[in-house]
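Structure below is target.txt: compact mmCIF, C-alpha atoms.
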# COMPACT_ATOMS: atom_id res chain seq x y z
CA MET A 1 -36.90 0.23 -6.03
CA LYS A 2 -33.82 -0.44 -8.19
CA ARG A 3 -33.12 3.30 -8.27
CA ALA A 4 -33.51 3.52 -4.49
CA ILE A 5 -31.00 0.71 -3.92
CA PHE A 6 -28.57 2.24 -6.42
CA LEU A 7 -28.89 5.66 -4.80
CA LEU A 8 -28.49 4.24 -1.31
CA ALA A 9 -25.43 2.24 -2.37
CA SER A 10 -23.93 5.23 -4.16
CA VAL A 11 -24.35 7.49 -1.15
CA ALA A 12 -22.98 4.84 1.19
CA LEU A 13 -19.97 4.15 -1.02
CA THR A 14 -19.06 7.82 -1.12
CA GLY A 15 -19.19 8.04 2.67
CA ALA A 16 -22.03 10.57 2.82
CA PHE A 17 -23.60 8.95 5.89
CA SER A 18 -22.60 10.11 9.34
CA ARG A 19 -21.14 7.16 11.22
CA GLY A 20 -18.71 6.14 13.86
CA GLU A 21 -15.41 4.41 13.25
CA SER A 22 -16.60 0.87 13.99
CA LEU A 23 -15.56 -0.32 10.54
CA THR A 24 -12.71 0.83 8.43
CA ASP A 25 -13.81 2.73 5.36
CA THR A 26 -12.31 -0.08 3.28
CA ASP A 27 -14.32 -2.80 5.06
CA ARG A 28 -17.54 -0.83 4.80
CA ARG A 29 -17.00 -0.03 1.11
CA GLN A 30 -16.05 -3.61 0.22
CA LEU A 31 -19.08 -5.05 1.99
CA LEU A 32 -21.44 -2.56 0.37
CA GLU A 33 -19.92 -3.24 -3.06
CA HIS A 34 -20.37 -6.99 -2.55
CA LEU A 35 -23.99 -6.57 -1.46
CA TYR A 36 -24.78 -4.41 -4.45
CA ARG A 37 -22.90 -6.65 -6.90
CA THR A 38 -24.73 -9.80 -5.79
CA ARG A 39 -28.06 -8.00 -6.06
CA LEU A 40 -27.21 -7.18 -9.69
CA LEU A 41 -26.09 -10.78 -10.24
CA LEU A 42 -29.48 -12.06 -9.08
CA ALA A 43 -31.35 -9.58 -11.26
CA ALA A 44 -29.29 -10.55 -14.31
CA SER A 45 -29.94 -14.25 -13.73
CA LEU A 46 -33.71 -13.64 -13.72
CA ASN A 47 -33.80 -11.17 -16.59
CA GLY A 48 -35.81 -12.16 -19.64
CA LEU A 49 -36.80 -15.63 -18.48
CA THR A 50 -40.16 -17.07 -19.48
CA THR A 51 -42.54 -18.59 -16.95
CA ALA A 52 -41.61 -22.05 -18.22
CA GLN A 53 -37.90 -21.29 -17.74
CA LEU A 54 -38.45 -19.87 -14.25
CA LYS A 55 -40.44 -22.90 -13.12
CA PHE A 56 -38.43 -25.66 -14.83
CA LYS A 57 -37.02 -28.23 -12.40
CA PRO A 58 -34.31 -30.61 -13.62
CA ALA A 59 -35.55 -33.19 -11.07
CA ASP A 60 -38.32 -33.40 -8.49
CA GLU A 61 -35.92 -32.87 -5.58
CA LYS A 62 -34.18 -29.90 -7.27
CA TRP A 63 -35.27 -26.27 -7.07
CA SER A 64 -36.37 -24.23 -10.04
CA ILE A 65 -34.82 -20.84 -10.79
CA LEU A 66 -37.84 -19.12 -9.25
CA GLU A 67 -37.56 -21.31 -6.14
CA CYS A 68 -33.86 -20.38 -5.80
CA ALA A 69 -34.80 -16.69 -6.00
CA GLU A 70 -37.56 -17.20 -3.43
CA HIS A 71 -35.12 -18.95 -1.10
CA LEU A 72 -32.71 -16.01 -1.37
CA THR A 73 -35.55 -13.59 -0.62
CA LEU A 74 -36.58 -15.56 2.45
CA ALA A 75 -32.96 -15.93 3.60
CA GLU A 76 -32.04 -12.23 3.41
CA PRO A 77 -33.85 -11.07 6.60
CA PHE A 78 -33.31 -14.41 8.34
CA LEU A 79 -29.53 -14.20 7.97
CA MET A 80 -29.47 -10.45 8.60
CA ASN A 81 -31.39 -10.97 11.85
CA ARG A 82 -28.64 -13.31 13.01
CA ALA A 83 -26.06 -10.63 12.20
CA GLU A 84 -27.99 -7.95 14.09
CA LYS A 85 -28.30 -10.24 17.11
CA GLY A 86 -24.54 -10.70 16.95
CA THR A 87 -24.04 -6.98 17.52
CA ALA A 88 -25.26 -7.56 21.09
CA SER A 89 -22.44 -10.03 21.79
CA GLU A 90 -19.35 -9.21 23.81
CA SER A 91 -16.80 -7.02 22.03
CA GLY A 92 -13.16 -7.83 21.56
CA LYS A 93 -13.58 -11.27 20.00
CA LYS A 94 -11.79 -12.21 16.79
CA SER A 95 -13.12 -14.45 14.06
CA GLY A 96 -11.62 -17.89 13.65
CA VAL A 97 -12.11 -17.84 9.86
CA THR A 98 -10.90 -15.63 7.04
CA ASP A 99 -13.11 -13.59 4.73
CA ALA A 100 -11.84 -15.76 1.87
CA ASN A 101 -13.09 -18.87 3.69
CA VAL A 102 -16.49 -17.25 4.21
CA LEU A 103 -16.73 -16.38 0.51
CA LYS A 104 -15.73 -19.90 -0.48
CA GLY A 105 -18.01 -21.63 2.01
CA TRP A 106 -21.08 -19.48 1.37
CA GLY A 107 -20.53 -18.52 -2.25
CA THR A 108 -19.89 -21.91 -3.80
CA VAL A 109 -21.72 -25.20 -3.90
CA GLN A 110 -18.78 -27.16 -2.50
CA ASN A 111 -20.79 -28.08 0.62
CA LYS A 112 -24.31 -29.42 0.29
CA VAL A 113 -26.67 -27.77 2.76
CA THR A 114 -30.35 -28.45 3.37
CA ALA A 115 -32.36 -25.29 3.92
CA PRO A 116 -34.43 -25.17 7.11
CA PRO A 117 -38.20 -25.27 6.53
CA VAL A 118 -38.55 -21.52 7.15
CA LEU A 119 -36.25 -20.88 4.15
CA THR A 120 -37.75 -23.52 1.86
CA PRO A 121 -39.59 -22.05 -1.15
CA ASN A 122 -43.37 -22.40 -1.08
CA GLY A 123 -44.46 -20.45 -4.18
CA GLN A 124 -45.04 -17.17 -2.36
CA TRP A 125 -43.90 -15.08 -5.36
CA LYS A 126 -45.20 -16.13 -8.79
CA THR A 127 -43.03 -14.05 -11.12
CA ALA A 128 -39.42 -12.95 -11.44
CA GLU A 129 -40.53 -9.33 -11.08
CA ALA A 130 -42.41 -10.02 -7.84
CA VAL A 131 -39.62 -11.98 -6.17
CA LEU A 132 -36.96 -9.48 -7.25
CA LYS A 133 -39.03 -6.55 -5.98
CA GLU A 134 -39.32 -8.21 -2.56
CA PHE A 135 -35.64 -9.17 -2.56
CA ASP A 136 -34.73 -5.55 -3.39
CA GLN A 137 -36.76 -4.26 -0.43
CA ARG A 138 -35.05 -6.70 1.91
CA ARG A 139 -31.58 -6.07 0.47
CA ALA A 140 -32.13 -2.30 0.83
CA LYS A 141 -32.50 -2.82 4.60
CA THR A 142 -29.26 -4.79 4.71
CA ILE A 143 -27.44 -2.08 2.73
CA LEU A 144 -28.83 0.63 4.99
CA PHE A 145 -27.62 -1.23 8.07
CA VAL A 146 -24.10 -1.64 6.68
CA ALA A 147 -23.98 1.96 5.47
CA THR A 148 -25.07 3.48 8.76
CA THR A 149 -24.07 1.13 11.58
CA GLU A 150 -21.73 2.28 14.29
CA GLU A 151 -21.45 -1.25 15.67
CA ASP A 152 -18.11 -3.02 15.83
CA LEU A 153 -18.89 -5.66 13.19
CA ARG A 154 -15.33 -6.98 13.21
CA GLY A 155 -15.03 -7.23 17.00
CA LYS A 156 -18.16 -9.26 17.76
CA LEU A 157 -18.78 -12.90 17.00
CA CYS A 158 -21.99 -14.04 15.45
CA CYS A 159 -22.44 -17.52 14.03
CA GLY A 160 -20.03 -20.40 13.78
CA GLY A 161 -17.06 -18.37 14.94
CA MET A 162 -17.55 -15.71 12.27
CA ASP A 163 -17.64 -12.05 13.14
CA VAL A 164 -20.76 -10.02 12.33
CA TYR A 165 -19.11 -8.52 9.25
CA GLN A 166 -18.48 -12.02 7.92
CA GLN A 167 -22.08 -13.06 8.57
CA ILE A 168 -23.22 -10.23 6.30
CA LEU A 169 -20.53 -11.08 3.76
CA GLY A 170 -21.78 -14.67 3.83
CA LEU A 171 -25.36 -13.47 3.34
CA SER A 172 -24.20 -11.67 0.20
CA ALA A 173 -22.10 -14.60 -1.05
CA HIS A 174 -25.12 -16.86 -0.56
CA VAL A 175 -26.58 -15.18 -3.67
CA GLU A 176 -23.56 -16.30 -5.71
CA ARG A 177 -24.08 -19.87 -4.55
CA HIS A 178 -27.67 -19.93 -5.76
CA VAL A 179 -26.98 -18.09 -9.01
CA THR A 180 -24.54 -20.92 -9.74
CA GLN A 181 -27.41 -23.31 -9.01
CA MET A 182 -29.68 -21.31 -11.35
CA ASN A 183 -27.05 -21.50 -14.08
CA ALA A 184 -26.92 -25.28 -13.64
CA VAL A 185 -30.70 -25.39 -14.18
CA LYS A 186 -30.27 -23.33 -17.37
CA ALA A 187 -27.59 -25.77 -18.58
CA ASP A 188 -29.88 -28.79 -18.23
CA PRO A 189 -30.58 -30.38 -21.64
CA LYS A 190 -34.34 -30.29 -20.96
CA TYR A 191 -34.38 -26.60 -20.00
CA PRO A 192 -37.04 -24.79 -22.08
CA LYS A 193 -35.61 -22.66 -24.87

Can I see the file as structure tokens?
Amino acid sequence: MKRAIFLLASVALTGAFSRGESLTDTDRRQLLEHLYRTRLLLAASLNGLTTAQLKFKPADEKWSILECAEHLTLAEPFLMNRAEKGTASESGKKSGVTDANVLKGWGTVQNKVTAPPVLTPNGQWKTAEAVLKEFDQRRAKTILFVATTEEDLRGKLCCGGMDVYQQILGLSAHVERHVTQMNAVKADPKYPK
């Protein structure tokens, strides 16, 4: 699966897909690069961890590293579905936020957010390998959409005044937010060595 995502990203980044001019080549390339980079970031954060490390919770109300990864896996299609629904909106609208604001809002832990029940981890994947395999399959669909879409992702609004492009950028930045959370778990003095 890792090879498939790498190959898909490589082909998309070189412009080998036939597509319309709905996105500039720069926008498409930057979004694909961000999606691929955050996938690698998640994989690196899970690499080599023991079961005890994956399941360690610094407090009862906090998520473990494995729960963070499960949340990201659940969120990928949920957030992507919102983006795809946005492509049906009226064209010609402009976002009220900047890409930098999206990256800051979604990619950092500056704002506390409670996940809806549908995105709350429930132990569906028991190992780092299992959750990453599922995440990879879901991320591959997101990458394929971005690589091949002919939709006007910049000219249609989606959620909270963002354009569809920014919704997908936020989906990708969401990984950074939770990798920061995973790193905080690893920094806890009681984290298993």

Residue neighbourhood Trp106 (chain A), 6 Å, all atoms listed in the file, exclusion window fewer than 6 positions, as JSON, numbers by chain: {"A": [170, 173, 174]}

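With distances restricted to only C-alpha atoms, A:Arg139 is the closest residue to Arg39 (chain A) from A:Lys156, A:His71, A:Arg139, A:Lys112.
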
Nearby residues (all atoms listed in the file) at most 12 Å from region 79-96 of chain A, same-chain spacing under 3 positions excluded, as a ChimeraX atom specification: /A:22,71-76,99-102,106,118-119,138-146,149-174

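Near Ile65 (chain A), within 9 Å and counting all atoms listed in the file, sit A:Ser45, A:Leu46, A:Gln53, A:Leu54, A:Lys55, A:Phe56, A:Lys57, A:Glu70, A:His178, A:Val179, A:Gln181, A:Met182, A:Asn183, A:Val185, A:Lys186; same-chain residues fewer than 5 positions away were not included.
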
Computed interatomic separation between CA of Ala69 (chain A) and CA of Phe135 (chain A) (Å): 8.3 Å

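Proximity ranking of A:Gly123, A:Gly48, A:Gly107, A:Pro58 relative to Thr180 (chain A) places A:Gly107 first, based on only C-alpha atoms.
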
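Among the candidates A:Leu132, A:Arg177, A:Leu66, A:Thr127, the residue lying nearest to Leu40 (chain A) is A:Leu132 (atoms considered: only C-alpha atoms).
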
Polymer residues at most 8 Å from Glu176 (chain A), all atoms listed in the file, same-chain spacing of 6 or more positions, as a PyMOL selection string: chain A and resi 38+41+107-108

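Nearest to Val109 (chain A) of all the residues A:Ala59, A:Leu35, A:Val175, A:Leu42 is A:Val175, based on all atoms listed in the file.
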
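Of the listed residues A:Thr26, A:Gln110, A:Asn47, A:Thr148, the one whose atoms come nearest to Ala128 (chain A) is A:Asn47, with distances taken using all atoms listed in the file.
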
Extending 6 Å beyond the listed atoms of region 91-105 of chain A on each side, what axis-aligned box results? I want centre and edge lengths in Å to one decimal, as JSON.
{"center_x": -14.5, "center_y": -14.3, "center_z": 10.8, "size_x": 19.1, "size_y": 26.6, "size_z": 34.5}

Gap from CA of Val97 (chain A) to CA of Ala184 (chain A) - Å, one decimal: 28.8 Å

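Note that the spacing between CA of Tyr191 (chain A) and CA of Trp63 (chain A) amounts to 13.0 Å.
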
Please rebuild region 132-143 of chain A with all heavy atoms and give the result as a compact mmCIF listing (two decimals), in the coordinates of the input.
# COMPACT_ATOMS: atom_id res chain seq x y z
N LEU A 132 -38.07 -10.43 -7.25
CA LEU A 132 -36.96 -9.48 -7.25
C LEU A 132 -37.34 -8.19 -6.54
O LEU A 132 -36.52 -7.61 -5.81
CB LEU A 132 -36.49 -9.19 -8.67
CG LEU A 132 -35.18 -8.41 -8.78
CD1 LEU A 132 -34.03 -9.10 -8.06
CD2 LEU A 132 -34.84 -8.18 -10.24
N LYS A 133 -38.58 -7.75 -6.70
CA LYS A 133 -39.03 -6.55 -5.98
C LYS A 133 -38.94 -6.76 -4.47
O LYS A 133 -38.45 -5.90 -3.74
CB LYS A 133 -40.47 -6.21 -6.39
CG LYS A 133 -41.02 -4.99 -5.69
CD LYS A 133 -42.44 -4.70 -6.13
CE LYS A 133 -42.99 -3.48 -5.38
NZ LYS A 133 -44.40 -3.23 -5.72
N GLU A 134 -39.38 -7.92 -4.00
CA GLU A 134 -39.32 -8.21 -2.56
C GLU A 134 -37.87 -8.36 -2.10
O GLU A 134 -37.49 -7.86 -1.04
CB GLU A 134 -40.11 -9.47 -2.24
CG GLU A 134 -40.21 -9.78 -0.76
CD GLU A 134 -40.94 -8.70 0.04
OE1 GLU A 134 -41.84 -8.03 -0.49
OE2 GLU A 134 -40.60 -8.54 1.23
N PHE A 135 -37.05 -9.04 -2.90
CA PHE A 135 -35.64 -9.17 -2.56
C PHE A 135 -34.99 -7.79 -2.44
O PHE A 135 -34.25 -7.52 -1.50
CB PHE A 135 -34.90 -10.01 -3.61
CG PHE A 135 -33.43 -10.17 -3.29
CD1 PHE A 135 -33.00 -11.17 -2.45
CD2 PHE A 135 -32.49 -9.30 -3.82
CE1 PHE A 135 -31.65 -11.30 -2.12
CE2 PHE A 135 -31.15 -9.41 -3.52
CZ PHE A 135 -30.72 -10.42 -2.66
N ASP A 136 -35.29 -6.91 -3.40
CA ASP A 136 -34.73 -5.55 -3.39
C ASP A 136 -35.09 -4.81 -2.10
O ASP A 136 -34.26 -4.10 -1.53
CB ASP A 136 -35.23 -4.75 -4.58
CG ASP A 136 -34.50 -5.09 -5.87
OD1 ASP A 136 -33.44 -5.73 -5.82
OD2 ASP A 136 -35.01 -4.70 -6.94
N GLN A 137 -36.34 -4.94 -1.66
CA GLN A 137 -36.76 -4.26 -0.43
C GLN A 137 -35.98 -4.80 0.77
O GLN A 137 -35.54 -4.03 1.64
CB GLN A 137 -38.26 -4.43 -0.22
CG GLN A 137 -39.08 -3.67 -1.22
CD GLN A 137 -40.57 -3.99 -1.14
OE1 GLN A 137 -41.01 -4.89 -0.43
NE2 GLN A 137 -41.37 -3.22 -1.88
N ARG A 138 -35.78 -6.09 0.80
CA ARG A 138 -35.05 -6.70 1.91
C ARG A 138 -33.56 -6.38 1.83
O ARG A 138 -32.93 -6.09 2.85
CB ARG A 138 -35.31 -8.20 1.92
CG ARG A 138 -36.76 -8.52 2.23
CD ARG A 138 -37.14 -9.96 2.05
NE ARG A 138 -38.57 -10.13 2.29
CZ ARG A 138 -39.11 -11.24 2.72
NH1 ARG A 138 -38.38 -12.30 2.98
NH2 ARG A 138 -40.42 -11.31 2.92
N ARG A 139 -33.00 -6.39 0.64
CA ARG A 139 -31.58 -6.07 0.47
C ARG A 139 -31.33 -4.60 0.82
O ARG A 139 -30.28 -4.25 1.36
CB ARG A 139 -31.13 -6.40 -0.95
CG ARG A 139 -29.69 -6.05 -1.32
CD ARG A 139 -28.61 -6.62 -0.40
NE ARG A 139 -28.55 -8.06 -0.28
CZ ARG A 139 -27.77 -8.86 -0.99
NH1 ARG A 139 -26.99 -8.36 -1.93
NH2 ARG A 139 -27.78 -10.16 -0.76
N ALA A 140 -32.28 -3.72 0.50
CA ALA A 140 -32.13 -2.30 0.83
C ALA A 140 -31.95 -2.11 2.34
O ALA A 140 -31.16 -1.28 2.78
CB ALA A 140 -33.32 -1.50 0.32
N LYS A 141 -32.64 -2.90 3.14
CA LYS A 141 -32.50 -2.82 4.60
C LYS A 141 -31.11 -3.27 5.04
O LYS A 141 -30.51 -2.69 5.94
CB LYS A 141 -33.58 -3.65 5.28
CG LYS A 141 -34.97 -3.07 5.12
CD LYS A 141 -36.03 -3.96 5.76
CE LYS A 141 -37.42 -3.39 5.52
NZ LYS A 141 -38.46 -4.27 6.04
N THR A 142 -30.60 -4.31 4.39
CA THR A 142 -29.26 -4.79 4.71
C THR A 142 -28.22 -3.71 4.36
O THR A 142 -27.33 -3.41 5.15
CB THR A 142 -28.95 -6.09 3.93
OG1 THR A 142 -29.93 -7.07 4.27
CG2 THR A 142 -27.57 -6.62 4.25
N ILE A 143 -28.37 -3.13 3.17
CA ILE A 143 -27.44 -2.08 2.73
C ILE A 143 -27.50 -0.88 3.68
O ILE A 143 -26.46 -0.34 4.06
CB ILE A 143 -27.75 -1.68 1.28
CG1 ILE A 143 -27.34 -2.80 0.32
CG2 ILE A 143 -27.06 -0.36 0.90
CD1 ILE A 143 -27.80 -2.62 -1.11
